[in-house]
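Participant: work10.txt (compact mmCIF, C-alpha atoms and all ligand atoms) pasted underneath:
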# COMPACT_ATOMS: atom_id res chain seq x y z
CA MET Z 1 -17.28 19.52 -4.16
CA ASP Z 2 -13.70 19.64 -2.88
CA MET Z 3 -10.84 20.32 -5.31
CA ARG Z 4 -8.01 19.69 -2.84
CA PRO Z 5 -5.62 16.78 -3.52
CA ILE Z 6 -5.43 13.46 -1.69
CA GLY Z 7 -2.15 12.53 0.00
CA VAL Z 8 -0.85 8.98 -0.42
CA PHE Z 9 2.28 7.52 1.15
CA ASP Z 10 4.36 4.40 1.49
CA SER Z 11 7.96 3.48 2.28
CA GLY Z 12 8.75 3.32 -1.44
CA LEU Z 13 7.24 1.92 -4.61
CA GLY Z 14 4.56 -0.25 -2.99
CA GLY Z 15 1.99 2.50 -2.60
CA LEU Z 16 1.95 2.87 -6.37
CA THR Z 17 -0.30 -0.20 -6.42
CA ALA Z 18 -2.85 1.98 -4.61
CA VAL Z 19 -2.12 4.93 -6.91
CA ARG Z 20 -2.79 2.74 -9.94
CA SER Z 21 -6.19 1.80 -8.52
CA LEU Z 22 -6.93 5.40 -7.55
CA ARG Z 23 -6.11 6.59 -11.08
CA GLN Z 24 -8.64 4.06 -12.39
CA ILE Z 25 -11.49 4.52 -9.94
CA LEU Z 26 -11.02 8.21 -9.08
CA PRO Z 27 -9.37 9.57 -12.28
CA GLU Z 28 -10.58 13.10 -11.57
CA GLU Z 29 -8.76 13.46 -8.23
CA ASP Z 30 -5.34 15.09 -7.80
CA LEU Z 31 -2.85 12.99 -5.86
CA ILE Z 32 0.31 13.88 -3.96
CA TYR Z 33 2.41 10.74 -3.46
CA PHE Z 34 5.31 10.40 -1.05
CA GLY Z 35 7.64 7.36 -1.13
CA ASP Z 36 10.14 7.30 1.73
CA THR Z 37 12.82 5.73 -0.47
CA ALA Z 38 15.68 6.84 1.80
CA ARG Z 39 14.36 4.65 4.61
CA VAL Z 40 12.73 1.72 2.79
CA PRO Z 41 12.16 -1.04 3.88
CA TYR Z 42 9.96 -0.23 6.86
CA GLY Z 43 8.93 -3.83 7.42
CA GLY Z 44 11.53 -5.00 9.96
CA ARG Z 45 11.44 -1.89 12.14
CA SER Z 46 10.02 -1.37 15.63
CA LYS Z 47 6.62 0.13 16.33
CA GLU Z 48 8.27 3.27 17.79
CA THR Z 49 10.44 3.86 14.72
CA LEU Z 50 7.51 3.24 12.40
CA LEU Z 51 5.37 5.77 14.24
CA LYS Z 52 8.17 8.34 14.06
CA TYR Z 53 8.54 7.78 10.29
CA ALA Z 54 4.79 7.79 9.73
CA ARG Z 55 4.38 11.09 11.62
CA GLN Z 56 7.09 12.67 9.47
CA ASP Z 57 5.49 11.31 6.28
CA VAL Z 58 2.12 12.77 7.30
CA ARG Z 59 3.70 16.09 8.29
CA PHE Z 60 5.36 16.35 4.88
CA LEU Z 61 2.10 15.54 3.07
CA ARG Z 62 0.24 18.05 5.21
CA SER Z 63 2.53 20.79 3.96
CA PHE Z 64 -0.02 20.64 1.09
CA ASP Z 65 -3.66 21.53 1.70
CA LEU Z 66 -5.11 18.01 1.53
CA LYS Z 67 -8.66 16.72 1.91
CA ALA Z 68 -7.68 13.18 2.95
CA ILE Z 69 -4.75 10.80 3.32
CA LEU Z 70 -4.48 7.19 2.19
CA ILE Z 71 -1.83 5.19 4.04
CA ALA Z 72 -0.83 2.99 1.11
CA CYS Z 73 1.41 0.94 3.38
CA GLY Z 74 0.42 -2.19 5.26
CA THR Z 75 3.21 -1.73 7.77
CA VAL Z 76 2.14 1.78 8.80
CA SER Z 77 -1.56 0.86 8.69
CA THR Z 78 -1.07 -2.13 11.02
CA THR Z 79 1.08 -0.27 13.54
CA SER Z 80 0.23 3.45 13.51
CA LEU Z 81 -3.23 4.08 11.98
CA ASP Z 82 -5.10 4.81 15.25
CA THR Z 83 -2.48 7.27 16.47
CA LEU Z 84 -2.31 9.09 13.14
CA GLN Z 85 -6.10 9.34 13.02
CA ARG Z 86 -6.20 10.72 16.57
CA GLU Z 87 -3.50 13.29 15.89
CA ASN Z 88 -4.84 14.64 12.60
CA ASP Z 89 -8.00 16.56 11.81
CA LEU Z 90 -8.53 15.13 8.34
CA PRO Z 91 -9.81 11.70 7.22
CA ILE Z 92 -7.05 9.05 7.11
CA VAL Z 93 -7.75 5.68 5.49
CA GLY Z 94 -5.60 2.59 6.07
CA VAL Z 95 -5.46 -0.70 4.19
CA VAL Z 96 -6.31 -3.34 6.79
CA GLU Z 97 -10.07 -3.22 7.28
CA PRO Z 98 -11.11 -2.85 3.59
CA THR Z 99 -8.76 -5.67 2.60
CA CYS Z 100 -10.07 -8.01 5.29
CA ARG Z 101 -13.66 -7.26 4.31
CA ARG Z 102 -12.94 -8.15 0.68
CA ALA Z 103 -11.12 -11.39 1.66
CA LEU Z 104 -14.12 -12.52 3.70
CA LEU Z 105 -16.42 -11.88 0.74
CA VAL Z 106 -14.17 -13.93 -1.53
CA THR Z 107 -13.37 -16.98 0.63
CA LYS Z 108 -15.60 -20.02 0.29
CA ASN Z 109 -13.85 -22.40 2.69
CA LYS Z 110 -13.12 -19.68 5.32
CA LYS Z 111 -9.41 -20.41 5.16
CA VAL Z 112 -7.60 -17.16 4.51
CA GLY Z 113 -3.85 -16.62 4.19
CA MET Z 114 -2.15 -13.28 4.75
CA ILE Z 115 1.39 -12.39 3.73
CA ALA Z 116 3.01 -9.12 4.75
CA THR Z 117 6.09 -7.58 6.35
CA LEU Z 118 7.42 -8.76 9.72
CA ALA Z 119 6.09 -5.66 11.50
CA SER Z 120 2.59 -6.20 10.08
CA VAL Z 121 2.51 -9.88 11.03
CA ARG Z 122 3.90 -9.08 14.51
CA SER Z 123 1.16 -6.47 15.04
CA GLY Z 124 -1.56 -9.12 14.64
CA ALA Z 125 -3.78 -6.45 13.05
CA TYR Z 126 -4.94 -8.40 9.98
CA GLU Z 127 -5.67 -11.51 12.02
CA ALA Z 128 -7.57 -9.58 14.70
CA THR Z 129 -9.62 -7.72 12.08
CA LEU Z 130 -10.50 -10.89 10.15
CA ARG Z 131 -11.57 -12.62 13.39
CA ARG Z 132 -13.59 -9.61 14.53
CA LEU Z 133 -15.44 -9.55 11.20
CA ASP Z 134 -15.91 -13.34 11.11
CA PRO Z 135 -15.08 -15.35 14.26
CA GLU Z 136 -15.17 -18.59 12.26
CA VAL Z 137 -12.43 -17.74 9.81
CA GLU Z 138 -9.13 -19.67 9.93
CA VAL Z 139 -6.16 -17.38 9.34
CA GLN Z 140 -2.58 -18.24 8.34
CA CYS Z 141 -0.19 -15.29 8.56
CA LEU Z 142 3.29 -15.37 7.08
CA PRO Z 143 5.98 -12.69 6.90
CA CYS Z 144 7.90 -12.50 3.60
CA PRO Z 145 10.73 -10.09 4.51
CA LEU Z 146 12.76 -10.56 1.32
CA PHE Z 147 9.96 -9.51 -1.02
CA VAL Z 148 10.18 -5.72 -0.46
CA PRO Z 149 13.95 -5.35 -1.00
CA LEU Z 150 13.68 -7.49 -4.14
CA VAL Z 151 10.81 -5.41 -5.54
CA GLU Z 152 12.62 -2.15 -4.73
CA ASN Z 153 15.57 -3.53 -6.71
CA GLY Z 154 13.41 -4.24 -9.73
CA ARG Z 155 13.42 -8.04 -9.23
CA PHE Z 156 9.69 -8.58 -9.73
CA ARG Z 157 9.42 -9.91 -13.27
CA PRO Z 158 8.42 -13.49 -14.12
CA GLY Z 159 11.50 -15.43 -15.19
CA ASP Z 160 13.69 -13.78 -12.54
CA VAL Z 161 15.12 -16.85 -10.82
CA VAL Z 162 15.90 -15.05 -7.54
CA ILE Z 163 12.36 -13.84 -6.85
CA GLU Z 164 10.83 -17.08 -8.13
CA THR Z 165 12.99 -19.18 -5.79
CA VAL Z 166 12.22 -16.96 -2.79
CA ALA Z 167 8.50 -17.03 -3.61
CA ARG Z 168 8.43 -20.83 -3.80
CA GLU Z 169 10.25 -21.16 -0.51
CA TYR Z 170 7.86 -18.82 1.31
CA LEU Z 171 4.61 -19.83 -0.33
CA GLU Z 172 4.64 -23.58 -0.92
CA PRO Z 173 4.05 -24.39 2.79
CA LEU Z 174 1.24 -21.81 2.83
CA LYS Z 175 -0.39 -23.37 -0.20
CA ALA Z 176 -0.32 -26.74 1.57
CA THR Z 177 -2.59 -25.38 4.35
CA GLY Z 178 -5.56 -25.36 1.92
CA ILE Z 179 -6.34 -21.63 1.94
CA ASP Z 180 -8.56 -20.45 -0.93
CA THR Z 181 -7.85 -16.72 -0.47
CA LEU Z 182 -4.55 -14.91 0.04
CA ILE Z 183 -4.32 -11.33 1.27
CA LEU Z 184 -1.35 -9.44 -0.13
CA GLY Z 185 -1.07 -7.42 3.07
CA CYS Z 186 1.89 -5.36 1.93
CA THR Z 187 1.31 -2.90 -0.90
CA HIS Z 188 4.57 -3.92 -2.59
CA TYR Z 189 3.32 -7.47 -3.15
CA PRO Z 190 0.85 -6.84 -6.00
CA LEU Z 191 3.93 -6.10 -8.11
CA LEU Z 192 4.59 -9.83 -7.63
CA THR Z 193 1.08 -10.96 -8.58
CA ASP Z 194 2.18 -13.19 -11.48
CA ILE Z 195 4.92 -14.79 -9.44
CA ILE Z 196 2.71 -15.37 -6.39
CA SER Z 197 -0.16 -16.73 -8.53
CA ALA Z 198 2.20 -19.16 -10.25
CA VAL Z 199 3.04 -20.74 -6.88
CA MET Z 200 -0.44 -20.58 -5.31
CA GLY Z 201 -2.32 -21.83 -8.37
CA PRO Z 202 -5.66 -20.72 -9.85
CA GLU Z 203 -7.71 -22.04 -6.93
CA VAL Z 204 -6.33 -19.34 -4.60
CA THR Z 205 -7.76 -15.82 -5.06
CA LEU Z 206 -5.38 -12.94 -4.33
CA VAL Z 207 -6.72 -9.84 -2.56
CA SER Z 208 -4.60 -6.72 -2.84
CA ALA Z 209 -4.39 -4.23 0.03
CA GLY Z 210 -3.73 -1.22 -2.19
CA GLU Z 211 -6.71 -1.82 -4.43
CA GLU Z 212 -9.25 -2.40 -1.68
CA SER Z 213 -8.19 0.71 0.21
CA ALA Z 214 -8.65 2.79 -2.95
CA PHE Z 215 -12.30 1.65 -3.06
CA GLU Z 216 -12.68 2.49 0.63
CA LEU Z 217 -11.28 5.96 0.01
CA LYS Z 218 -13.79 6.49 -2.79
CA ARG Z 219 -16.68 5.51 -0.49
CA MET Z 220 -15.39 7.80 2.25
CA LEU Z 221 -15.03 10.82 -0.09
CA LYS Z 222 -18.52 10.29 -1.42
CA ALA Z 223 -20.09 9.89 2.03
CA ASN Z 224 -18.44 13.13 3.19
CA GLY Z 225 -19.15 15.21 0.07
CA LEU Z 226 -15.41 15.45 -0.68
CA ARG Z 227 -15.36 14.35 -4.34
CA THR Z 228 -13.98 16.80 -6.89
CA ASP Z 229 -15.51 17.80 -10.24
CA GLU Z 230 -15.94 14.42 -11.96
CA SER Z 231 -15.50 15.83 -15.47
CA ARG Z 232 -11.86 16.80 -14.96
CA ARG Z 233 -8.68 14.72 -15.31
CA GLY Z 234 -6.65 14.66 -12.11
CA GLU Z 235 -2.89 14.87 -11.88
CA ALA Z 236 -0.39 13.07 -9.69
CA GLU Z 237 2.75 14.57 -8.18
CA PHE Z 238 5.46 12.33 -6.78
CA TYR Z 239 7.95 13.03 -4.00
CA VAL Z 240 10.67 10.77 -2.66
CA SER Z 241 13.30 11.07 0.06
CA ASP Z 242 16.19 9.72 -2.06
CA ARG Z 243 17.27 9.53 -5.72
CA PRO Z 244 14.20 10.20 -7.90
CA GLU Z 245 15.63 8.55 -11.06
CA ASP Z 246 15.07 4.87 -10.17
CA PHE Z 247 11.67 5.60 -8.71
CA GLU Z 248 10.52 7.41 -11.85
CA ARG Z 249 11.60 4.63 -14.17
CA ILE Z 250 9.76 1.91 -12.30
CA ALA Z 251 6.80 4.18 -11.51
CA SER Z 252 6.08 5.03 -15.13
CA VAL Z 253 6.34 1.39 -16.22
CA PHE Z 254 4.12 0.30 -13.41
CA LEU Z 255 1.49 3.04 -13.73
CA GLN Z 256 1.58 2.69 -17.54
CA GLU Z 257 1.68 6.44 -17.94
CA ASP Z 258 4.45 8.96 -18.37
CA LEU Z 259 4.74 10.96 -15.20
CA ARG Z 260 3.59 14.49 -16.09
CA HIS Z 261 5.79 15.84 -13.34
CA THR Z 262 9.11 14.24 -12.56
CA ALA Z 263 9.51 12.93 -9.02
CA ARG Z 264 11.04 15.46 -6.66
CA ARG Z 265 13.37 14.77 -3.78
CA ILE Z 266 12.65 16.18 -0.34
CA ASP Z 267 14.51 16.01 2.98
CA ILE Z 268 12.18 14.03 5.23
CA ASP Z 269 14.29 14.80 8.31
CA GLN Z 270 13.01 18.37 8.16
CA TYR Z 271 9.48 17.21 8.99
N1 LIG O 1 4.66 -1.37 1.24
C1 LIG O 1 4.73 -1.37 2.65
C2 LIG O 1 3.71 -2.27 3.26
O1 LIG O 1 2.64 -2.30 2.73
C3 LIG O 1 6.08 -1.29 3.30
C4 LIG O 1 7.04 -2.35 3.02
C5 LIG O 1 8.38 -2.08 3.63
O2 LIG O 1 8.87 -0.96 3.49
O3 LIG O 1 8.93 -3.00 4.24
O4 LIG O 1 3.90 -2.91 4.27
Could you spell out this file's structure in structure tokens?
Facilitator:
Amino acid sequence: MDMRPIGVFDSGLGGLTAVRSLRQILPEEDLIYFGDTARVPYGGRSKETLLKYARQDVRFLRSFDLKAILIACGTVSTTSLDTLQRENDLPIVGVVEPTCRRALLVTKNKKVGMIATLASVRSGAYEATLRRLDPEVEVQCLPCPLFVPLVENGRFRPGDVVIETVAREYLEPLKATGIDTLILGCTHYPLLTDIISAVMGPEVTLVSAGEESAFELKRMLKANGLRTDESRRGEAEFYVSDRPEDFERIASVFLQEDLRHTARRIDIDQY
């Protein structure tokens, strides 16, 4: 049994989609969440900048005594996972492999779409992983760079004409390719599930990166004897690198729970 918390990070709100899944499937675990809200979005940045940010995010989280880290960010997982795993002596789980495995279980026609940030699409990581796991799969990857800034600005609700217009413009050509499965390769995108489903239609199954990685984390903790006492109720603490107010408001709506601890602001440049 291991009572230490799990660290989870993202550039902003997106990683909360993984936190929501973790709260459901591992309700007994304590979580420390960091959202790098001062530097969001990560998605258009270079590999070098992303690695620098990711190292700082991990250093901040490791100021706590953690048992594992979940990179609840597609952009960091696709560009920096190997380096972070090499540099750190604790288990670090990313989102790419578990999400690809799920997509391959779901697809019937072996035509899989993947939407994510520019950096994730440029990295080729989702495509390479899908092909490694199933050489016959056809993959269509598409960056949707406007999605993250819109979500961070609260524009993710059905009926919002801005997000609905942007979604149609990005996704209608993708729908026309005949995919039956769509990977939401950025952890912000599940906040747009209703909007994305409305364009893609019921015949396309959405696979969410945050959710699948939460299941992977659970398997990893179990395999390594790192689960905590299953009879307890875990708590989550939230840290951000800019104004906590906006984050808290959206976080409590999204997680459907009042945050027991208010989000705290830290200076990420010190790490
Ligand atoms: N939510 C992150 C991802 O999964 C980062 C998005 C961003 O900051 O651009 O890619």
Participant: Dump the neighbourhood of ligand LIG 1 (chain O) as a list in words: all residues within 6 Å, distances computed on all atoms listed in the file.
Facilitator: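 Those residues are Asp10, Ser11, Gly14, Val40, Pro41, Tyr42, Gly43, Cys73, Gly74, Thr75, Thr117, Val148, Cys186, Thr187 and His188 of chain Z.
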Participant: At a cut-off of 9 Å, can you tabulate as JSON lines every residue of region 22-47 of chain Z near region 198-217 of chain Z together with its closest atom pair and the distance in Å to one decimal, using all atoms listed in the file and ordering rows by chain then number?
Facilitator:
{"residue": "Z:Leu22", "atom": "CA", "partner": "Z:Ala214", "partner_atom": "CA", "distance": 5.6}
{"residue": "Z:Ile25", "atom": "CA", "partner": "Z:Phe215", "partner_atom": "CA", "distance": 7.5}
{"residue": "Z:Leu26", "atom": "CA", "partner": "Z:Ala214", "partner_atom": "CA", "distance": 8.5}
Participant: In Å to one decimal, how far is CA of Ile195 (chain Z) from CA of Val162 (chain Z)?
Facilitator: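 Taking CA of Val162 (chain Z) and CA of Ile195 (chain Z), their separation equals 11.1 Å.
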Participant: Find the spatial neighbours of Leu221 (chain Z), counting all atoms listed in the file, within a cut-off of 12 Å - ignore same-chain residues fewer than 2 positions away - and output them as a PyMOL selection string.
Facilitator: chain Z and resi 1-6+26+29+67-70+90-93+214-219+223-228
Participant: So, counting only C-alpha atoms, which residue among Z:Leu171, Z:Arg62, Z:Asp269, Z:Thr78 is closest to Leu118 (chain Z)?
Facilitator: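 Of Z:Leu171, Z:Arg62, Z:Asp269, Z:Thr78, the one nearest Leu118 (chain Z) is Z:Thr78, counting only C-alpha atoms.
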Participant: With all atoms listed in the file as the atoms that count, which of Z:Leu81, Z:Ala128, Z:Cys144, Z:Ile179 lies nearest to Lys110 (chain Z)?
Facilitator: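 Smallest distance to Lys110 (chain Z) is found for Z:Ile179.
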Participant: With all atoms listed in the file as the counted atoms, please give the residues lying no more than 12 Å from Leu16 (chain Z), apart from itself and same-chain residues fewer than 2 positions off, as JSON, numbers by chain.
Facilitator: {"Z": [8, 9, 10, 11, 12, 13, 14, 18, 19, 20, 21, 22, 23, 31, 32, 33, 34, 35, 70, 71, 72, 73, 152, 186, 187, 188, 189, 190, 191, 209, 210, 211, 214, 236, 237, 238, 247, 248, 250, 251, 252, 253, 254, 255, 256]}
Participant: Residues of region 27-108 of chain Z that have any atom at most 10 Å from an atom of region 133-140 of chain Z: could you tabulate them with the shortest-distance atom pair and the distance in Å to one decimal, using only C-alpha atoms, ordered by chain and increasing number, as a tab-separated table?
Facilitator:
residue	atom	partner	partner_atom	distance
Z:Glu97	CA	Z:Leu133	CA	9.2
Z:Cys100	CA	Z:Leu133	CA	8.1
Z:Arg101	CA	Z:Leu133	CA	7.5
Z:Leu104	CA	Z:Asp134	CA	7.7
Z:Thr107	CA	Z:Val137	CA	9.3
Participant: Separation of CA of Lys108 (chain Z) and CA of Gly185 (chain Z), in Å?
Facilitator: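 So the two atoms, CA of Lys108 (chain Z) and CA of Gly185 (chain Z), lie 19.4 Å apart.
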Participant: Between CA of Asp194 (chain Z) and CA of Asn109 (chain Z), what is the distance in Å, rounded to a tenth?
Facilitator: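 Straight-line distance from CA of Asp194 (chain Z) to CA of Asn109 (chain Z) works out to 23.3 Å.
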Participant: Taking only C-alpha atoms into account, name the residue in Z:Arg249, Z:Arg122, Z:Lys111, Z:Arg157 that is nearest to Thr177 (chain Z).
Facilitator: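 So, comparing all the options, the nearest one is Z:Lys111.
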Participant: Calculate, to one decimal in Å, the centre and edge lengths of the box along x, y and z of the file that holds all listed atoms of region 141-145 of chain Z with 5 Å of margin on each side, and present them as lines of an AutoDock Vina configuration file.
Facilitator:
center_x = 5.3
center_y = -12.7
center_z = 6.1
size_x = 20.9
size_y = 15.3
size_z = 15.0
Participant: Of the candidates Z:Val112, Z:Leu192, Z:Thr17, Z:Ile268, which one gets nearest to Gly159 (chain Z) if we count all atoms listed in the file?
Facilitator: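 Smallest separation from Gly159 (chain Z) among the options: Z:Leu192.
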Participant: Which residue, Z:Leu142, Z:Ser63, Z:Gln270, Z:Glu87, has the smallest gap to Leu174 (chain Z) when you use only C-alpha atoms?
Facilitator: Z:Leu142
Participant: Compare Z:Ile196, Z:Val76, Z:Met220, Z:Val240 by their minimum atom-to-atom distance to Glu48 (chain Z), counting only C-alpha atoms, and give me the closest one.
Facilitator: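 Using only C-alpha atoms, Glu48 (chain Z) sits closest to Z:Val76.
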Participant: Considering all atoms listed in the file, return as a PyMOL selection string whatever protein or nucleic-acid residues lie within 7 Å of Ser231 (chain Z), sequence-local ones (same chain, fewer than 2 positions apart) excluded.
Facilitator: chain Z and resi 28+229+233
